[in-house]
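Below you'll find the structure, written out as structure tokens, and then a few comments.
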Amino acid sequence: MRAFLLRRLVHAVFVVWGVVTVVFFLVRLTGDPAALLVDATATREEVARTRQMLGLDRPLYVQYVDFLTSAPLGDFGVSIRERRPAMRMVLEHFWPATAQLALAALVLAVVLPIPLGVIAATHRNGLVDHLSRLGSLFLQSMPSFWLGLMLILLFAVALGGLLPAFGWGTLRHLILPAVTLAAAPLAQNVRLIRSGMLEVLQHDYVRTARAKGLAERGVIYRHAFRNAAGPFLTVSGLSLGFMLSGTIVIETVFSWPGMGRLIVQAVPGRDFPVIQAAVFLFAMLFVAVNLVVDVLQGLLDPRARVFEDAG
Amino acid sequence: MRAPRDRVALLGLAVITASVLLAAVAPALAPADPVKNDLLARLTPPMWMDGGSAHHPLGTDTLGRDVVSRLLYGARVSLVVGFSAVILAGALGVVLGLVAGYYGGRIDDALMRLGDVQLAFPALVLAIAVLAVVGSGLGNVVLVLGVTGWVTYARIARGETLSLRHREFVEGARALGARDAAILWRHVLPNVLPSITVVATFSVARTIIAEASLSFLGLGIPPPAPSWGAMLDEGRNYLTTGWWLALFPGLAILAVVLGINVVGDWLRDTLDPRLERGL
Amino acid sequence: MTPLRRAILWVALALLATLPSGPGSAAPPTSVEGVPIDPDAELIVALTDDTTNMDPRLGMGSIRSNYIRQVFESLVDVDRQGKPVPGLALSWKPVNDLTWEFALRRGVTFHDGEPFNADTVLFNLDRMFRKNLDRWGIKDVAAGTAFDKVYPFVTRWEKVDDFTVRVHTSEPSASLWDILGREPLVPRAWTIKNGVEALNDKPVGTGPWKLVAWRRKDHMAFERNDAYWGAPPLTKRLRLQVIPEAAARIAALRAGQVHLVEAVPPLDAEVLGRNPAVKVVTSVQKLACRLYLNGRTKDTYDSGGKDGAFIDPRVRLALNLAVNREAIIAKIFYGLAVTNASPVATVAYGYAPQPPYPYDPARARALLAEAGSTAARPLTMQLLLPAKHYGQAFDETVGAVVEMLKAVGVQVTVQTLDFGTLLQTLTKGTLPANGAFAACRTSNNLDADDFVRDWASTTLVNWTPYPPELLTLYQSTRRQVDVKKRQASLAELQQKIREWAPVVSLYQEKKAYAHATRVLQFVPTQELNMDFRGVALKR
């Protein structure tokens, strides 16, 4: 176990380094932020001067080394647009706004499907089964911004301001954005759990457990679900990545002051330090969550060859 | 035993076929030029409403362009983007996965590490950044959506290859002197295809939706070319005043994507129930 | 003391206690024109975006001005009709051809108590022109407008006494009051002590509102400045709320979650206008949207040896004649835009109305043919469009205009890109020979000079530099101190520019605001910012 963890940690560091390096060079390919800072009536000299002030006229490898030596200490430079430390800005936007949103959506998308999927599987072709299948299909078939706008129209306008149309602050503000963000992963997870359970429920050991007279609930949750849960966990880990990506769209629709909004402006604004810091944070979170998922999988299903060198 | 499921899948297939056919014959079917604008006819409602006309059965958009024509031509764009991006991602991913699984060792390590790095990269950020560099256009959007999607296919292909690598028929073929490429093509690939097909089917649906999200962020197919995503995005500021602008492309996306998902479900049930665990 | 006298003393004291004891500590008014208002209310306004900086030196675009000008003020203020009025300066006049004198307002303090005086103005001028920064111990910033480069004729400034400042120039400058007078002023001692970064975090100004909280990308909260030199605002608090999505802004207004919404799209403005619970007000703005054309000669940009395709004024005039502006304004803007054939905004000081370009496609074709465009080798145009940067109406307009240009035989291809990439193309000079770009131009200043100087020097937007005679005319307007003569020169310049047609003018913006009927006395300005002095909320 120790060796496994160590290996995964090294791998994680490598992944984060890889992501950050790709982003470093990729954004510098997108061009020159200096032109965006000056008046439209500026001259080329002023633009060049601004570029020099930002330290962007140094050779690329110099900038890269500078970045690599300061980033591990937490110094990602100063935001080009807002002149404040980039990592501080990213953390400010991530916590609590995006964290709340992602967490709420994750809970909805991971916890809610469990009872839904299990009931759908155990009461096959019942009402819950049909409704959840239909609902899942629909939720996975529309773009998230579309769903969000529909919900705003319904809850904020048609129902007379039942829920707020924008903003951040209370639980009421969190409901619509979290539901919209969770919709597609939730739908997918319901189907996953359902199909996983359906398959597992046919197996011998389930019949054995039943024959042994174990309570149905024990059979379902202790035996069947544990075995069905594996792929669902993997997908949940991956879906965090999609969800963090999804905040980019959702936060714009719902005026949620989080990291998604920051990125949506930082990339066209060529705010290199902020983009680098934000992507770094994303990658760290993704890698950390997947590490946890791997460990959980190993614990849940000892048969999985997770601790061996499966690459 | 699964008859109702089959019927639903058939319906889904019918929807997909219909949209492909409609898209194919769009030039013959469309009542008007989808790109030429006509300010005087701007925002005409659908024909069954006040102010509508049979000239424009589903109304016109913000520049007076016919919605039906744009839906038909937009089907071409959305379907082409969906299928091409998935074919690109699939081909790339399968090749890389086969190579990684078959040769193992350092190549395998390197490719899987690359895949991990890509997965950890927020997809939309990558898309935004790349499109900012290369500019948005049909080809570039397909490229971006395709290149960012290879990892899942690679993993599946690699998994299958790993388990088949040491099977008897493969060993036997190698003993007989068959070349690696031939072995991969004749023996490994056919086993990989069922899973890949199922994943690819769902991916097409997701790609069509992703194209819409890119349009929302201003990175999708640039105007005046119609795509369902672009139409949705143009219509989103007119939800109460010009609801037909966003409703019909939204319904189109819903219908096609539903159809694809339903067919994907059926494929998965039929081709390899084992897959249910993995997807 | 007798009981009677004591009683009189107490009554006298009581009466004295109820007298207002000086400016700024009077209780705020509780009614406006007979209507009871809530002086402790919070006015909530929905804006399209947050600001990235509060330090005025870093840039004053239209969104940022809304935030910055609540806290900071400039020498010259603007009234609701767009006329310059005393702000932090009581008066300004030229004392001779090369010197302007500003008389400053007395009794003004910054939010932290620091007094405003001539030293403040000198400090700000140093910052604007990047002089003496070492002496003050403050850092240079990557500024939005580099005054030292754009106005190199301003040489030095000095204080005559604590409330009088003189600025010297190397050539006569007719609009120096405007050039210097619209820049918001920051406190001297505070900035030196806290550094320029602190200006962005906790700005301290002389304005009617004090910044109390700033949650980035979410909202900025202000409180009434009770020590304001003018009449303090009529509500205790102000909240500028960021809601990027237009549909969500309107939904918020209709649900009563905000009181006032800016940037209402034209069609929504029309629909909301019919809603009795909402009032829609409009105001012409200085934003002028245009197609800029590549008219540079081959040695002035990265041209691959070709002159710009639009170097011939006949071609540019033809393109202007091909655009049906009436249809655009009626159909896309529902009347919420104006045509303007003068390069100067209609509300700017020195504007001289010009006859609009007629919609004459036939004449356009004739002019194009005369200039050498034939059916076999037609004029082509690669149009760069920064989509989603100026709003959906702009994108729709450009789409319609492209069609109109095609109708007169120009082969237009549109390339959408993001605004940053466009600016980069312009900076590097890599616009193709037949290139054009769609962009809008606004101004922080009141005088026409800010508009007509676009084509006088090599800047990012100048792709059709003045020919020598127009350049001379322009320079004479800049130096002409006599007001009447200057107006006449400016009028002549605008007329010549109309004929010379450097750009294809599309429209000038008219902005729509919607607010609840509870909001009283809101009058939109022609400036880039909204002014909330005098706005009250009904009880």
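Convention: chains lettered A, B, ... in structure tokens order; per-chain residue numbering from 1; ligands numbered from 1 as shown.
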
Go through chain C residue by residue and, counting only C-alpha atoms, keep those with an atom at most 9 Å from chain A; for each kept residue give the shortest atom pair and its distance in Å to one decimal, ordered by chain and increasing number, as a tab-separated table.
```
residue	atom	partner	partner_atom	distance
C:Thr51	CA	A:Glu82	CA	8.8
C:Thr52	CA	A:Glu82	CA	5.1
C:Asn53	CA	A:Glu82	CA	5.8
C:Leu58	CA	A:Leu37	CA	8.0
C:Gly59	CA	A:Val38	CA	7.7
C:Gly61	CA	A:Asp39	CA	8.9
C:Val141	CA	A:Met53	CA	8.3
C:Ala142	CA	A:Thr50	CA	5.6
C:Ala143	CA	A:Val38	CA	6.7
C:Gly144	CA	A:Val38	CA	4.6
C:Thr145	CA	A:Asp39	CA	5.8
C:Ala146	CA	A:Glu46	CA	7.7
C:Lys149	CA	A:Glu46	CA	8.1
C:Val150	CA	A:Ala42	CA	7.9
C:Glu197	CA	A:Arg83	CA	7.2
C:Asn200	CA	A:Glu82	CA	8.0
C:Asp201	CA	A:Arg84	CA	8.9
C:Arg215	CA	A:Pro257	CA	8.2
C:Arg216	CA	A:Pro257	CA	6.9
C:Lys217	CA	A:Pro257	CA	4.9
C:Asp218	CA	A:Pro257	CA	5.2
C:His219	CA	A:Gly167	CA	8.9
C:Gln241	CA	A:Gly167	CA	8.4
C:Val242	CA	A:Ser255	CA	7.0
C:Ile243	CA	A:Ser255	CA	5.2
C:Pro244	CA	A:Ser255	CA	6.1
C:Glu245	CA	A:Val253	CA	5.9
C:Ala247	CA	A:Leu149	CA	8.1
C:Ala248	CA	A:Ala165	CA	5.6
C:Arg249	CA	A:Ala165	CA	7.8
C:Ala251	CA	A:Val157	CA	5.7
C:Ala252	CA	A:Ala165	CA	5.6
C:Arg254	CA	A:Val157	CA	7.1
C:Ala255	CA	A:Gly161	CA	5.0
C:Gly256	CA	A:Gly161	CA	7.9
C:Gln257	CA	A:Pro164	CA	7.6
C:Asp418	CA	A:Pro268	CA	6.8
C:Phe419	CA	A:Pro268	CA	7.6
C:Gly420	CA	A:Leu36	CA	6.0
C:Thr421	CA	A:Gly31	CA	7.3
C:Leu423	CA	A:Ala35	CA	6.0
C:Gln424	CA	A:Ala35	CA	5.9
C:Leu426	CA	A:Ala35	CA	8.8
C:Thr427	CA	A:Arg44	CA	6.2
C:Lys428	CA	A:Arg44	CA	8.0
C:Arg441	CA	A:Ala40	CA	8.4
C:Asp454	CA	A:Thr41	CA	6.9
C:Ser457	CA	A:Thr43	CA	8.2
C:Thr458	CA	A:Thr43	CA	6.1
C:Thr459	CA	A:Thr43	CA	4.4
C:Leu460	CA	A:Thr41	CA	5.6
C:Val461	CA	A:Thr41	CA	6.1
C:Asn462	CA	A:Thr41	CA	7.8
```

What are the closest atom pairs, with distances in Å to one decimal, for all residues of chain B lying within 9 Å of chain A? Consider only C-alpha atoms, order rows by chain and residue number, and present the result as a Markdown table.
```
| residue | atom | partner | partner_atom | distance |
| --- | --- | --- | --- | --- |
| B:Asp108 | CA | A:Gly311 | CA | 8.2 |
| B:Asp109 | CA | A:Gly311 | CA | 7.1 |
| B:Met112 | CA | A:Gly311 | CA | 7.7 |
| B:Arg113 | CA | A:Val15 | CA | 7.1 |
| B:Leu114 | CA | A:Val15 | CA | 8.2 |
| B:Asp116 | CA | A:Val15 | CA | 6.5 |
| B:Val117 | CA | A:Val15 | CA | 5.0 |
| B:Gln118 | CA | A:Val19 | CA | 7.3 |
| B:Leu119 | CA | A:Gly241 | CA | 7.7 |
| B:Ala120 | CA | A:Ala283 | CA | 5.1 |
| B:Phe121 | CA | A:Ala283 | CA | 6.2 |
| B:Pro122 | CA | A:Ser245 | CA | 5.3 |
| B:Ala123 | CA | A:Ser245 | CA | 6.3 |
| B:Leu124 | CA | A:Ser245 | CA | 5.8 |
| B:Val125 | CA | A:Ser245 | CA | 7.4 |
| B:Leu126 | CA | A:Val23 | CA | 8.3 |
| B:Ile128 | CA | A:Val267 | CA | 7.2 |
| B:Ala129 | CA | A:Val27 | CA | 6.5 |
| B:Val130 | CA | A:Leu26 | CA | 7.5 |
| B:Leu131 | CA | A:Thr30 | CA | 8.8 |
| B:Ala132 | CA | A:Thr30 | CA | 5.9 |
| B:Val133 | CA | A:Thr30 | CA | 4.7 |
| B:Val134 | CA | A:Thr30 | CA | 8.4 |
| B:Ala205 | CA | A:Ser141 | CA | 7.5 |
| B:Arg206 | CA | A:Ser141 | CA | 8.1 |
| B:Ile208 | CA | A:Pro143 | CA | 8.9 |
| B:Ile209 | CA | A:Pro143 | CA | 5.3 |
| B:Ala210 | CA | A:Pro143 | CA | 7.3 |
| B:Ala212 | CA | A:Pro143 | CA | 6.6 |
| B:Ser213 | CA | A:Pro143 | CA | 6.5 |
| B:Phe216 | CA | A:Phe145 | CA | 7.7 |
| B:Leu217 | CA | A:Val249 | CA | 7.6 |
| B:Gly229 | CA | A:Pro143 | CA | 8.9 |
| B:Leu232 | CA | A:Trp146 | CA | 8.0 |
| B:Asp233 | CA | A:Trp146 | CA | 8.8 |
| B:Arg236 | CA | A:Leu149 | CA | 8.0 |
| B:Leu239 | CA | A:Leu153 | CA | 8.7 |
| B:Thr240 | CA | A:Leu153 | CA | 9.0 |
| B:Gly250 | CA | A:Met142 | CA | 7.5 |
| B:Leu251 | CA | A:Met142 | CA | 8.9 |
| B:Ile253 | CA | A:Met142 | CA | 7.0 |
| B:Leu254 | CA | A:Ser141 | CA | 5.3 |
| B:Ala255 | CA | A:Ser141 | CA | 8.1 |
| B:Val256 | CA | A:Ser141 | CA | 8.5 |
| B:Val257 | CA | A:Ser141 | CA | 5.4 |
| B:Leu258 | CA | A:Ser141 | CA | 5.8 |
| B:Asn261 | CA | A:Leu137 | CA | 7.2 |
| B:Val262 | CA | A:Leu137 | CA | 8.0 |
| B:Pro273 | CA | A:Glu199 | CA | 8.3 |
| B:Arg274 | CA | A:Glu199 | CA | 8.4 |
| B:Glu276 | CA | A:Ser195 | CA | 6.0 |
| B:Arg277 | CA | A:Gly196 | CA | 5.4 |
| B:Gly278 | CA | A:Pro231 | CA | 5.5 |
| B:Leu279 | CA | A:Leu192 | CA | 6.8 |
```

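Here atom CA of C:Tyr474 is placed at a distance of 24.3 Å from atom CA of C:Met128.
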
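Near chain B, counting only C-alpha atoms at 9 Å, the chain C residues are Glu245, Ala246, Ala247, Pro265, Leu267, Asp268, Val271, Ala327, Ile328, Lys331, Ile332, Ala387, Lys388, Gln392, Glu396, Thr397, Gly399, Ala400, Glu403, Val414, Gln415, Thr416, Leu417, Asp418 and Thr421 of chain C.
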
File dump, residues just selected, N, CA and C atoms, as a short mmCIF file (atom, residue, chain, number, x, y, z; two decimals), in the first residue's frame:
```cif
data_model
loop_
_atom_site.label_atom_id
_atom_site.label_comp_id
_atom_site.auth_asym_id
_atom_site.auth_seq_id
_atom_site.Cartn_x
_atom_site.Cartn_y
_atom_site.Cartn_z
N GLU C 245 -25.24 38.00 -17.91
CA GLU C 245 -26.19 37.47 -18.88
C GLU C 245 -27.39 38.42 -19.00
N ALA C 246 -27.68 38.88 -20.21
CA ALA C 246 -28.74 39.89 -20.38
C ALA C 246 -30.09 39.37 -19.90
N ALA C 247 -30.39 38.11 -20.22
CA ALA C 247 -31.69 37.57 -19.80
C ALA C 247 -31.81 37.55 -18.28
N PRO C 265 -30.94 45.37 -23.96
CA PRO C 265 -30.91 45.19 -25.42
C PRO C 265 -32.12 45.85 -26.06
N LEU C 267 -34.53 45.24 -28.25
CA LEU C 267 -35.85 44.64 -28.32
C LEU C 267 -36.46 44.53 -26.92
N ASP C 268 -35.62 44.18 -25.94
CA ASP C 268 -36.13 44.10 -24.57
C ASP C 268 -36.55 45.47 -24.08
N VAL C 271 -39.99 45.98 -25.29
CA VAL C 271 -40.98 45.18 -24.58
C VAL C 271 -41.17 45.70 -23.15
N ALA C 327 -32.55 51.28 -42.25
CA ALA C 327 -33.08 49.94 -41.99
C ALA C 327 -32.44 49.35 -40.75
N ILE C 328 -31.13 49.54 -40.61
CA ILE C 328 -30.43 48.98 -39.46
C ILE C 328 -30.98 49.58 -38.17
N LYS C 331 -34.69 48.36 -37.71
CA LYS C 331 -34.97 46.94 -37.53
C LYS C 331 -34.13 46.31 -36.43
N ILE C 332 -32.86 46.65 -36.38
CA ILE C 332 -32.03 45.98 -35.39
C ILE C 332 -32.06 46.72 -34.06
N ALA C 387 -16.34 39.13 -32.43
CA ALA C 387 -17.71 38.75 -32.09
C ALA C 387 -17.91 38.79 -30.58
N LYS C 388 -19.11 39.11 -30.17
CA LYS C 388 -19.52 39.10 -28.77
C LYS C 388 -18.75 40.09 -27.91
N GLN C 392 -24.81 41.87 -28.89
CA GLN C 392 -25.39 41.13 -30.01
C GLN C 392 -25.85 42.06 -31.12
N GLU C 396 -25.07 41.65 -35.11
CA GLU C 396 -26.13 41.57 -36.12
C GLU C 396 -25.95 42.68 -37.16
N THR C 397 -25.59 43.86 -36.69
CA THR C 397 -25.39 44.98 -37.64
C THR C 397 -24.31 44.64 -38.65
N GLY C 399 -23.35 41.78 -39.61
CA GLY C 399 -23.89 40.77 -40.53
C GLY C 399 -24.72 41.41 -41.63
N ALA C 400 -25.58 42.34 -41.23
CA ALA C 400 -26.43 43.00 -42.22
C ALA C 400 -25.61 43.86 -43.18
N GLU C 403 -23.92 41.95 -45.94
CA GLU C 403 -24.86 41.66 -47.02
C GLU C 403 -25.03 42.87 -47.93
N VAL C 414 -15.91 37.16 -43.90
CA VAL C 414 -15.87 37.58 -42.51
C VAL C 414 -15.00 36.61 -41.73
N GLN C 415 -14.11 37.15 -40.92
CA GLN C 415 -13.32 36.29 -40.04
C GLN C 415 -13.60 36.70 -38.60
N THR C 416 -14.19 35.77 -37.84
CA THR C 416 -14.47 36.11 -36.45
C THR C 416 -13.26 35.80 -35.62
N LEU C 417 -12.91 36.71 -34.75
CA LEU C 417 -11.85 36.42 -33.82
C LEU C 417 -12.16 37.12 -32.51
N ASP C 418 -11.35 36.86 -31.49
CA ASP C 418 -11.66 37.54 -30.24
C ASP C 418 -10.91 38.86 -30.22
N THR C 421 -7.09 39.13 -30.06
CA THR C 421 -6.38 38.78 -31.29
C THR C 421 -6.48 39.92 -32.30
#
```

Exercise for the section: Fewer than 5 positions away in the same chain doesn't count, so skip those; otherwise give me all residues within 7 Å of C:Tyr466, counting only C-alpha atoms, as a ChimeraX atom specification. Expected result: /C:455-456,471

Exercise for the section: Compile the contact shell of stretch 131-133 of chain A as a ChimeraX atom specification: residues with an atom at most 8 Å away, counting only C-alpha atoms, same-chain residues fewer than 5 positions apart removed. Expected result: /A:116,120,190-191

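Using only C-alpha atoms for every distance, the candidate list C:Val408, C:Ile497, C:Leu293, C:Ala277 yields C:Val408 as the residue closest to C:Arg363.
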
Practice task
Taking the DSSP assignment computed from this structure's backbone, write out as a ChimeraX atom specification all residues of stretch 154-342 of chain C that belong to strand (DSSP E).
Solution key: /C:154-161,164-169,209-215,219-224,237-242,260-261,278-293,337-338

Exercise for the section: Considering only C-alpha atoms, state which residue in the set A:Ala86, A:Tyr221, A:Phe25, A:Ala109 is at the smallest distance from A:Leu233. Expected result: A:Ala109

Handout entry: Neighbour list for C:Leu199 as a count of residues only, cut-off 10 Å, only C-alpha atoms, skip fewer than 3 positions in-chain
Key = 15

Exercise for the section: List every residue of stretch 50-153 of chain A that DSSP, applied to the backbone, labels as alpha helix (DSSP H), and write the result as a PyMOL selection string. Expected result: chain A and resi 50-53+60-70+86-93+99-111+113-122+127-139+144-151
